[in-house]
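Colleague: The structure's right below; bear with me while I get my questions together.
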Amino acid sequence: MSHNFQDQDQYLQPESPSAVPIVVGQTSRLPRRTVIKWFVAVAASLKLGDAQVFGAEPGPGEPVITANGYGKDPLLNHTHNPGDLWPLTLSPTQRAAAIALADVILPADNLGPAASQLRCVDFVDEWVSAPYPAQLRDRGIVLPGLDWLDAESGRRFANVFAGLTLSQQQAICDDICFQARAADELQAAARFFSRFRSLAAAAYYATPEGWDAIGYVGNQPSLTYDGPPEAVLAHLGVEQTVA
Amino acid sequence: MPMIRAEDATKDYDVIIVGSGAGGGQMAFTLTLAGIKCLMLEAGRGYDPVAETPMFQRRDQAPLLGNSTPDKEFGFLDATVDGGWQMPAEPYTQASDKPEQQFWWWRARMMGGRTNHWGRISLRNGPYDFKPKSRDGLGLDWPVDYEDVEPYYTKVEQLIGVYGSNEGLENTPNSPDGVLQPPPKARAGELLAQKHGKTLGIPIIPIHRAVLTQTLDADRLPAVLFPGNAWAQKIVGDSMRARAACFWATPCGRGCSTGANYQSTTVHLPPALATGNLDIVANAHVREVLVGNNGKARGVLFVDKTTGQDVQVNANAVVLAASSGETVRIMLNSKSTLFPDGIANGSGLVGKYIMDTVGTSLQGQIPALENLPPYNEDGAGGSHFYAPWWLYQQAQALGFPRGYHIEMGATRGMPGGGNPLPDDLGNGAYGSRYKQEARRYYGSFMGFACRGEMIPNDNCFAELDNNVSDTWGIPVLKWHWQWAEHEQRMCDHAELTFRELIETMGGTVRSVTNGRNRIEPGGKIIHEVGGAIMGTAAATSVCNGYNQTWEVPNLFLVDGTPFPSNADKNPTLTIMALAWRAGDYLVDQSRRGLL
Ligand SMILES: Cc1cc2nc3c(=O)[nH]c(=O)nc-3n(C[C@H](O)[C@H](O)[C@H](O)COP(=O)(O)OP(=O)(O)OC[C@H]3O[C@@H](n4cnc5c(N)ncnc54)[C@H](O)[C@@H]3O)c2cc1C
Ligand code: SF4
């Protein structure tokens, strides 16, 4: 019996199956052909042999994930921090690239602080260091992707990604920020960007600052539930039908 | 929650109840308040909702932002512990390798079972739903009518607290005046769907959910439920007073430590324990029901999971409420010279006619909902509105005989856990533009789900797998599954309806539609019922209309096993109503010395 426990892109889980899951950001599973192309692309850009980057074998010096999961009966009513349940495994170089990339994607602006201020990369690190199948699959996209980012930065601007100016970083991001527009040889990098953006944004909007940034107001006990305000009802052209 | 140790469960009990979920909880409540001494055996661990519910936890305080893993399949913060689609200690098998012929079996192993995290949607079956065969010649009729169950629906609603409205729609029963709690105000998307549904003839109305929108009237209700019984009134009144009203935050699936929604652990078990007539043993995994020479159940054998030892306990009657699949498993494993094929299985029907709910869904993006000014739309942690089946009169023309209701998700709920801006809508946005676009689209997605009636068929059943046992050496279930054409056609129709609704709302459908491929696997909606159906004769059913097995008069089944049909209405309210009714009957029979 093989149940697909988790579709890697199906992020939003229903609180109950009787409630409707609102799944956004659906993309198809990574086809094997793309994976191979991707690794070849990474290998070429890093000037490494295929064997070193291809497949499940970790690169030299890269930690193997051996941790256990949290089990079927973990402590729910508790604040868990990345690193509490399994070790974080991004290398300092990868972390630096990840922090820089997360800030390019989610910068400080009028809507809120930068990703780096909200520990978003700690979460990405927790994710790619987790011992579960979906996360291990993402590990195979994110780690080579971060390495590629530095390699590409070196090729174009003779520096690591974190050392580039914002406009240099944007020049690279512009080429890979949208898979539908990315050049053939950058498809794998674009997939990495999409995945990384998903993870960083998921982390960003899980914080109170992220809630403000997106316009979520809630998780606050109140005596009454008043429903949408008049302005919203008027905007939609509807009337409240419950007394 | 006070519990006793397995080795202390040696008293003489009147009744043993297996399982502490909706059916077992209701049975314990009914029996103990009637003065019956009960022992409840629960395979899972003790669970204290007050101390354990992660109500206000943010996603960034949960590992992997609370996303699902093989360990916590509905997400980290879901109230289920020691359960899921897969439980390493308790496997199950499939008769077929084909995914569409497999059954997904969700189980909870914890005090209160699945009631700690269920969706709390509490719909009454209507009069048609008890007589489906009489209406269209398909499936099976129930031996009871709506009128037989109606008073118990009312009692359960008064006890657990259900919000909703009376709309008088076909086969969608009203509750008597004053029984339902007021429904919460509609959310924006629900109102928009309601408005456009009207033009399509789809009635979108307040749903019924087991959530208190007001505190229960503890001065009045106990006297209604237990007339002339001051002792019972006091216990039930105290228990009602201990429950708060909903405070409009926190998803109900994580459990509710204030008792504002129904879960067995906060509503049924505390008053049952307060009677002094209930002992509960946790980690007590029942292996089999034991039969005496007189052909009656005399007790059960369970594995004390803390020691691995088998323990025997005796009683005058046994109630199985282990959830329908597990009750089937216990019955089939209860082999004796009198019942070589499993207890009360002379008909050979134990394990037959397993049903689930027909499920499919579609998401849409609704531009009208974009860029709304921020406001609190948490509401009750679940839907406020739904559409009951509205095309009863057109069954012939539709080409599928039974109906579905529509559940919907529309809320500016707590974000985090996933990318709020799908790549195609974001057009590759990053930087401040990404943050603006995420804010623009937040709350503009709506989902519609079909929850439909499945007609029982001969290809959906469970049997023992003689080659595979669980950790304690108990043979496991092997599932057989096959959707029929009726269900496929229903999904085709639902897809078209949802598309029409989304487009009428000015939105676009976000996912590929193909009813044939999108029907959810059997079991996926977790409304499994059947397996020991009730009927009018011992040859064609396993139990009678009082959930009492024909062959073993002191053996009762009070979970979903006795259901001969599975209306589109979610099953749990009916499980509880029938359990209360069976409890009253059991008390009456035992007083008359008939058990
Ligand atoms: C996420 C989710 C959402 C749902 N939403 C809804 C909804 O909105 N509306 C609705 O009507 N229904 C809903 N359901 C279904 C609902 O939970 C079930 O119909 C209901 O809980 C069934 O009650 P039960 O007593 O038969 O079983 P359960 O509640 O599952 O309880 C059975 C108990 O028996 C115990 N047990 C099992 N085997 C043994 C054994 N051998 N020995 C001792 N104990 C044993 C189990 O550990 C468990 O505690 C939902 C279910 C899930 C999982
Ligand atoms: S929404 Fe209300 S009923 Fe549901 S868990 Fe929160 S407080 Fe309890």
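Going through the structure tokens in order, the chains are called A, B, and so on, while each chain numbers its residues from 1 and the ligands are numbered from 1 in the order shown.
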Excluding Pro208 of chain A and residues on its chain fewer than 3 positions from it, collect all residues at most 12 Å away from it, counting only C-alpha atoms, and give them as a ChimeraX atom specification.
Modeller: /A:112-113,118,203-205,211-220 /B:57-61,414-416
Colleague: Could you write those residues out with N, CA, C and O atoms, as an mmCIF file, in the first residue's frame?
Modeller:
data_model
loop_
_atom_site.group_PDB
_atom_site.id
_atom_site.type_symbol
_atom_site.label_atom_id
_atom_site.label_comp_id
_atom_site.auth_asym_id
_atom_site.auth_seq_id
_atom_site.Cartn_x
_atom_site.Cartn_y
_atom_site.Cartn_z
ATOM 1 N N GLY A 112 6.096 45.840 6.056
ATOM 2 C CA GLY A 112 6.664 45.092 7.183
ATOM 3 C C GLY A 112 8.161 44.867 7.053
ATOM 4 O O GLY A 112 8.774 45.262 6.061
ATOM 5 N N PRO A 113 8.728 44.207 8.075
ATOM 6 C CA PRO A 113 10.176 44.004 8.103
ATOM 7 C C PRO A 113 10.655 43.010 7.045
ATOM 8 O O PRO A 113 9.848 42.365 6.376
ATOM 9 N N LEU A 118 12.638 38.100 10.599
ATOM 10 C CA LEU A 118 11.587 37.203 11.100
ATOM 11 C C LEU A 118 12.035 35.744 11.104
ATOM 12 O O LEU A 118 11.219 34.845 11.103
ATOM 13 N N ALA A 203 6.970 30.992 5.793
ATOM 14 C CA ALA A 203 7.513 31.351 7.102
ATOM 15 C C ALA A 203 7.195 32.801 7.445
ATOM 16 O O ALA A 203 6.805 33.113 8.570
ATOM 17 N N TYR A 204 7.339 33.666 6.479
ATOM 18 C CA TYR A 204 7.116 35.101 6.723
ATOM 19 C C TYR A 204 5.693 35.344 7.228
ATOM 20 O O TYR A 204 5.473 36.022 8.229
ATOM 21 N N TYR A 205 4.719 34.758 6.517
ATOM 22 C CA TYR A 205 3.319 35.039 6.848
ATOM 23 C C TYR A 205 2.796 34.204 8.015
ATOM 24 O O TYR A 205 1.623 34.271 8.346
ATOM 25 N N TRP A 211 1.402 38.583 9.498
ATOM 26 C CA TRP A 211 -0.063 38.747 9.509
ATOM 27 C C TRP A 211 -0.435 40.186 9.156
ATOM 28 O O TRP A 211 -1.335 40.426 8.358
ATOM 29 N N ASP A 212 0.297 41.135 9.782
ATOM 30 C CA ASP A 212 0.030 42.549 9.458
ATOM 31 C C ASP A 212 0.287 42.803 7.985
ATOM 32 O O ASP A 212 -0.456 43.516 7.319
ATOM 33 N N ALA A 213 1.363 42.215 7.493
ATOM 34 C CA ALA A 213 1.760 42.489 6.103
ATOM 35 C C ALA A 213 0.715 41.995 5.117
ATOM 36 O O ALA A 213 0.517 42.581 4.057
ATOM 37 N N ILE A 214 0.029 40.928 5.454
ATOM 38 C CA ILE A 214 -0.925 40.373 4.496
ATOM 39 C C ILE A 214 -2.361 40.811 4.796
ATOM 40 O O ILE A 214 -3.258 40.679 3.959
ATOM 41 N N GLY A 215 -2.583 41.354 5.986
ATOM 42 C CA GLY A 215 -3.931 41.816 6.319
ATOM 43 C C GLY A 215 -4.743 40.807 7.096
ATOM 44 O O GLY A 215 -5.968 40.873 7.084
ATOM 45 N N TYR A 216 -4.076 39.863 7.753
ATOM 46 C CA TYR A 216 -4.827 38.940 8.625
ATOM 47 C C TYR A 216 -5.008 39.569 9.992
ATOM 48 O O TYR A 216 -4.043 40.044 10.598
ATOM 49 N N VAL A 217 -6.251 39.550 10.457
ATOM 50 C CA VAL A 217 -6.563 40.043 11.789
ATOM 51 C C VAL A 217 -7.294 38.886 12.480
ATOM 52 O O VAL A 217 -8.332 38.464 12.006
ATOM 53 N N GLY A 218 -6.750 38.373 13.534
ATOM 54 C CA GLY A 218 -7.484 37.278 14.176
ATOM 55 C C GLY A 218 -6.668 36.619 15.260
ATOM 56 O O GLY A 218 -5.718 37.202 15.779
ATOM 57 N N ASN A 219 -7.059 35.393 15.602
ATOM 58 C CA ASN A 219 -6.453 34.653 16.708
ATOM 59 C C ASN A 219 -6.611 35.422 18.011
ATOM 60 O O ASN A 219 -5.787 35.308 18.905
ATOM 61 N N GLN A 220 -7.675 36.207 18.079
ATOM 62 C CA GLN A 220 -7.953 37.032 19.240
ATOM 63 C C GLN A 220 -9.312 36.640 19.782
ATOM 64 O O GLN A 220 -10.290 36.748 19.056
ATOM 65 N N GLN B 57 -1.611 28.584 19.560
ATOM 66 C CA GLN B 57 -0.301 28.428 18.937
ATOM 67 C C GLN B 57 -0.302 29.028 17.527
ATOM 68 O O GLN B 57 -1.234 28.806 16.759
ATOM 69 N N ARG B 58 0.732 29.782 17.213
ATOM 70 C CA ARG B 58 0.889 30.251 15.833
ATOM 71 C C ARG B 58 1.604 29.169 15.034
ATOM 72 O O ARG B 58 2.291 28.315 15.597
ATOM 73 N N ARG B 59 1.469 29.248 13.724
ATOM 74 C CA ARG B 59 2.142 28.255 12.893
ATOM 75 C C ARG B 59 3.662 28.327 13.035
ATOM 76 O O ARG B 59 4.343 27.319 12.942
ATOM 77 N N ASP B 60 4.189 29.533 13.267
ATOM 78 C CA ASP B 60 5.653 29.618 13.379
ATOM 79 C C ASP B 60 6.146 29.061 14.714
ATOM 80 O O ASP B 60 7.345 29.039 14.963
ATOM 81 N N GLN B 61 5.214 28.614 15.553
ATOM 82 C CA GLN B 61 5.626 27.967 16.808
ATOM 83 C C GLN B 61 5.534 26.451 16.719
ATOM 84 O O GLN B 61 5.794 25.752 17.692
ATOM 85 N N MET B 414 -6.044 32.259 9.291
ATOM 86 C CA MET B 414 -4.641 32.424 9.655
ATOM 87 C C MET B 414 -3.720 31.936 8.531
ATOM 88 O O MET B 414 -3.798 30.792 8.129
ATOM 89 N N PRO B 415 -2.877 32.829 8.000
ATOM 90 C CA PRO B 415 -1.989 32.394 6.918
ATOM 91 C C PRO B 415 -0.748 31.697 7.479
ATOM 92 O O PRO B 415 -0.623 31.503 8.680
ATOM 93 N N GLY B 416 0.146 31.406 6.592
ATOM 94 C CA GLY B 416 1.363 30.726 7.041
ATOM 95 C C GLY B 416 1.214 29.250 6.785
ATOM 96 O O GLY B 416 0.128 28.694 6.832
#
Colleague: Would you list the residues that come within 6 Å of ligand 1? Count only C-alpha atoms and all ligand atoms and give the answer as a PyMOL selection string.
Modeller: (chain A and resi 16-18) or (chain B and resi 18-24+41-44+108-115+117-122+284-287+321-324+326+526-527+559-560+570-573)
Colleague: Restricted to C-alpha atoms, what would the selected residues look like written as a PDB file, in the first residue's frame?
Modeller:
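After the write, again25.pdb holds the following:
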ATOM      1  CA  SER A  16     -10.666  18.828   8.836  1.00  0.00           C
ATOM      2  CA  PRO A  17     -11.601  17.029   5.656  1.00  0.00           C
ATOM      3  CA  SER A  18     -15.101  18.238   6.137  1.00  0.00           C
TER       4      SER A  18
ATOM      5  CA  VAL B  18     -15.515  -0.458  23.891  1.00  0.00           C
ATOM      6  CA  GLY B  19     -14.342   2.908  22.569  1.00  0.00           C
ATOM      7  CA  SER B  20     -14.749   6.442  23.926  1.00  0.00           C
ATOM      8  CA  GLY B  21     -15.647   8.452  20.798  1.00  0.00           C
ATOM      9  CA  ALA B  22     -19.028   9.720  19.686  1.00  0.00           C
ATOM     10  CA  GLY B  23     -20.882   6.413  20.057  1.00  0.00           C
ATOM     11  CA  GLY B  24     -19.098   5.181  23.183  1.00  0.00           C
ATOM     12  CA  LEU B  41     -12.163   0.401  27.464  1.00  0.00           C
ATOM     13  CA  GLU B  42     -10.235   2.767  25.227  1.00  0.00           C
ATOM     14  CA  ALA B  43      -7.343   1.556  23.086  1.00  0.00           C
ATOM     15  CA  GLY B  44      -5.692   4.970  23.012  1.00  0.00           C
ATOM     16  CA  ALA B 108      -7.569   8.021  16.259  1.00  0.00           C
ATOM     17  CA  ARG B 109      -6.185   6.207  19.272  1.00  0.00           C
ATOM     18  CA  MET B 110      -6.869   8.588  22.114  1.00  0.00           C
ATOM     19  CA  MET B 111      -9.525   9.228  24.731  1.00  0.00           C
ATOM     20  CA  GLY B 112     -12.505  10.640  22.872  1.00  0.00           C
ATOM     21  CA  GLY B 113     -11.419   9.174  19.538  1.00  0.00           C
ATOM     22  CA  ARG B 114     -12.020  11.285  16.475  1.00  0.00           C
ATOM     23  CA  THR B 115     -14.395  13.614  18.303  1.00  0.00           C
ATOM     24  CA  HIS B 117     -10.754  16.914  16.036  1.00  0.00           C
ATOM     25  CA  TRP B 118     -13.777  16.188  13.819  1.00  0.00           C
ATOM     26  CA  GLY B 119     -15.321  19.016  11.767  1.00  0.00           C
ATOM     27  CA  ARG B 120     -18.380  19.248  14.070  1.00  0.00           C
ATOM     28  CA  ILE B 121     -20.783  19.394  11.119  1.00  0.00           C
ATOM     29  CA  SER B 122     -23.960  17.964  12.622  1.00  0.00           C
ATOM     30  CA  ALA B 284      -6.931  -1.134  26.647  1.00  0.00           C
ATOM     31  CA  HIS B 285      -6.999  -2.646  23.190  1.00  0.00           C
ATOM     32  CA  VAL B 286      -9.926  -5.026  22.906  1.00  0.00           C
ATOM     33  CA  ARG B 287      -9.069  -8.293  21.230  1.00  0.00           C
ATOM     34  CA  ALA B 321     -18.245   1.599  19.702  1.00  0.00           C
ATOM     35  CA  ALA B 322     -14.721   1.227  18.415  1.00  0.00           C
ATOM     36  CA  SER B 323     -15.536   3.024  15.089  1.00  0.00           C
ATOM     37  CA  SER B 324     -17.152   1.029  12.328  1.00  0.00           C
ATOM     38  CA  GLU B 326     -12.625  -1.550  14.204  1.00  0.00           C
ATOM     39  CA  ILE B 526     -13.630   9.699   6.964  1.00  0.00           C
ATOM     40  CA  HIS B 527     -17.345   9.078   7.143  1.00  0.00           C
ATOM     41  CA  ASP B 559     -20.908   3.424  16.074  1.00  0.00           C
ATOM     42  CA  GLY B 560     -21.479   3.672  12.310  1.00  0.00           C
ATOM     43  CA  ASN B 570     -22.260  13.656   7.900  1.00  0.00           C
ATOM     44  CA  PRO B 571     -22.877  10.637  10.117  1.00  0.00           C
ATOM     45  CA  THR B 572     -21.911  11.575  13.653  1.00  0.00           C
ATOM     46  CA  LEU B 573     -25.094  13.245  14.880  1.00  0.00           C
TER      47      LEU B 573
END
Colleague: Would you list, as a VMD selection string, the residues of segment 259-365 of chain B that end up in strand (DSSP E or B) under DSSP run on this structure's backbone?
Modeller: chain B and resid 261 278 to 281 284 to 291 297 to 304 309 to 320 355 358 to 365
Colleague: How many Å lie between atom CA of Ser175 of chain B and atom CA of Leu159 of chain B, rounded to one decimal?
Modeller: 13.5 Å
Colleague: Skip Trp105 of chain B itself and residues of its chain fewer than 4 positions away, then list as JSON, numbers by chain all residues within 12 Å of it, counting only C-alpha atoms.
Modeller: {"A": [1, 3], "B": [83, 84, 85, 86, 87, 90, 91, 92, 93, 94, 323, 324, 325, 326, 354, 355, 356, 462, 477, 478, 479, 480, 481, 521, 522, 523, 524, 525, 526, 527, 528, 529]}
Colleague: Ligand 2: which residues are within 6 Å, counting only C-alpha atoms and all ligand atoms, as a ChimeraX atom specification?
Modeller: /B:211,246-252,255-256,260-261,380-381
Colleague: With only C-alpha atoms as the counted atoms, please give the residues lying no more than 8 Å from segment 187-198 of chain B, apart from itself and same-chain residues fewer than 3 positions off, as a PyMOL selection string.
Modeller: (chain A and resi 227-228+232-233+236+238-241) or (chain B and resi 201-205+369+377+384-385+408+410-411+446+501+504-505)
Colleague: Output as JSON, numbers by chain all residues of segment 141-218 of chain A that backbone DSSP marks as alpha helix (DSSP H).
Modeller: {"A": [141, 142, 143, 144, 145, 146, 147, 148, 149, 150, 151, 152, 153, 154, 155, 156, 157, 166, 167, 168, 169, 170, 171, 172, 173, 174, 175, 176, 187, 188, 189, 190, 191, 192, 193, 194, 195, 196, 197, 198, 199, 200, 201, 202, 203, 204, 208, 209, 210, 211, 212, 213, 214]}
Colleague: Have a look at atom CA of Gln26 of chain B and atom CA of Ala579 of chain B and let me know their distance in Å, one decimal.
Modeller: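 About the pair atom CA of Gln26 of chain B and atom CA of Ala579 of chain B: they are 6.2 Å apart.
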Colleague: So which residues touch Ser91 of chain A within 10 Å, counting only C-alpha atoms, skipping near sequence neighbours fewer than 2 positions away, as a list of chain:residue names?
Modeller: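 In the requested form, the answer reads A:Gly61, A:Glu62, A:Pro63, A:Leu88, A:Thr89, A:Thr93, A:Gln94, A:Arg95, A:Ala96, A:Ala97, A:Asp125, A:Leu143.
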Colleague: Under the rule that only C-alpha atoms are counted, which of A:Asn77, A:Pro82, A:Leu136, A:Ala100 is the nearest residue to Val160 of chain A?
Modeller: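 So, comparing all the options, the nearest one is A:Ala100.
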Colleague: Can you work out which one of A:Pro144, A:Gly154, A:Gly237, A:Gly210 has the shortest atom-to-atom distance to Ala98 of chain A, counting only C-alpha atoms?
Modeller: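 Comparing A:Pro144, A:Gly154, A:Gly237, A:Gly210 against Ala98 of chain A, the winner is A:Pro144.
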Colleague: Identify, on the basis of only C-alpha atoms, every residue whose closest approach to Val121 of chain A does not exceed 9 Å; exclude the query and any residue fewer than 5 positions from it along the same chain; express the result as a ChimeraX atom specification.
Modeller: /A:95,98-99,102,115-116,126,199-200,203
Colleague: With N, CA, C and O atoms retained, could you export that selection as a PDB file, in the first residue's frame?
Modeller:
ATOM      1  N   ARG A  95      23.598  29.207   4.155  1.00  0.00           N
ATOM      2  CA  ARG A  95      22.756  30.099   4.982  1.00  0.00           C
ATOM      3  C   ARG A  95      22.888  31.536   4.531  1.00  0.00           C
ATOM      4  O   ARG A  95      21.893  32.260   4.418  1.00  0.00           O
ATOM      5  N   ALA A  98      20.970  31.980   1.475  1.00  0.00           N
ATOM      6  CA  ALA A  98      19.534  31.888   1.738  1.00  0.00           C
ATOM      7  C   ALA A  98      19.014  33.169   2.389  1.00  0.00           C
ATOM      8  O   ALA A  98      17.940  33.672   2.028  1.00  0.00           O
ATOM      9  N   ILE A  99      19.776  33.697   3.342  1.00  0.00           N
ATOM     10  CA  ILE A  99      19.326  34.928   4.013  1.00  0.00           C
ATOM     11  C   ILE A  99      19.225  36.065   3.003  1.00  0.00           C
ATOM     12  O   ILE A  99      18.239  36.812   2.952  1.00  0.00           O
ATOM     13  N   ALA A 102      16.212  35.437   0.660  1.00  0.00           N
ATOM     14  CA  ALA A 102      14.922  35.671   1.333  1.00  0.00           C
ATOM     15  C   ALA A 102      14.656  37.166   1.456  1.00  0.00           C
ATOM     16  O   ALA A 102      13.520  37.626   1.306  1.00  0.00           O
ATOM     17  N   ALA A 115      12.574  39.585   5.631  1.00  0.00           N
ATOM     18  CA  ALA A 115      12.523  38.170   6.013  1.00  0.00           C
ATOM     19  C   ALA A 115      13.575  37.839   7.070  1.00  0.00           C
ATOM     20  O   ALA A 115      13.318  37.082   8.001  1.00  0.00           O
ATOM     21  N   SER A 116      14.762  38.420   6.952  1.00  0.00           N
ATOM     22  CA  SER A 116      15.848  38.066   7.876  1.00  0.00           C
ATOM     23  C   SER A 116      15.486  38.443   9.307  1.00  0.00           C
ATOM     24  O   SER A 116      15.949  37.818  10.252  1.00  0.00           O
ATOM     25  N   GLU A 126      15.138  24.433   8.911  1.00  0.00           N
ATOM     26  CA  GLU A 126      14.412  23.350   9.590  1.00  0.00           C
ATOM     27  C   GLU A 126      13.740  22.446   8.545  1.00  0.00           C
ATOM     28  O   GLU A 126      13.749  21.219   8.653  1.00  0.00           O
ATOM     29  N   LEU A 199       8.711  28.617   0.431  1.00  0.00           N
ATOM     30  CA  LEU A 199       9.112  28.311   1.809  1.00  0.00           C
ATOM     31  C   LEU A 199       9.337  29.582   2.615  1.00  0.00           C
ATOM     32  O   LEU A 199       8.877  29.703   3.758  1.00  0.00           O
ATOM     33  N   ALA A 200      10.020  30.537   2.006  1.00  0.00           N
ATOM     34  CA  ALA A 200      10.310  31.780   2.734  1.00  0.00           C
ATOM     35  C   ALA A 200       9.020  32.536   3.021  1.00  0.00           C
ATOM     36  O   ALA A 200       8.825  33.065   4.124  1.00  0.00           O
ATOM     37  N   ALA A 203       6.970  30.992   5.793  1.00  0.00           N
ATOM     38  CA  ALA A 203       7.513  31.351   7.102  1.00  0.00           C
ATOM     39  C   ALA A 203       7.195  32.801   7.445  1.00  0.00           C
ATOM     40  O   ALA A 203       6.805  33.113   8.570  1.00  0.00           O
TER      41      ALA A 203
END
Colleague: Using only C-alpha atoms, determine which residues lie at most 10 Å from segment 169-179 of chain A, disregarding the query and same-chain residues fewer than 5 positions distant; provide the list as a count of residues only.
Modeller: 33
Colleague: Using only C-alpha atoms for the distances, tell me which of A:Val128, A:Ser222, A:Ala182, A:Leu166 is nearest to Asp103 of chain A.
Modeller: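 The answer is A:Leu166, which sits nearest to Asp103 of chain A.
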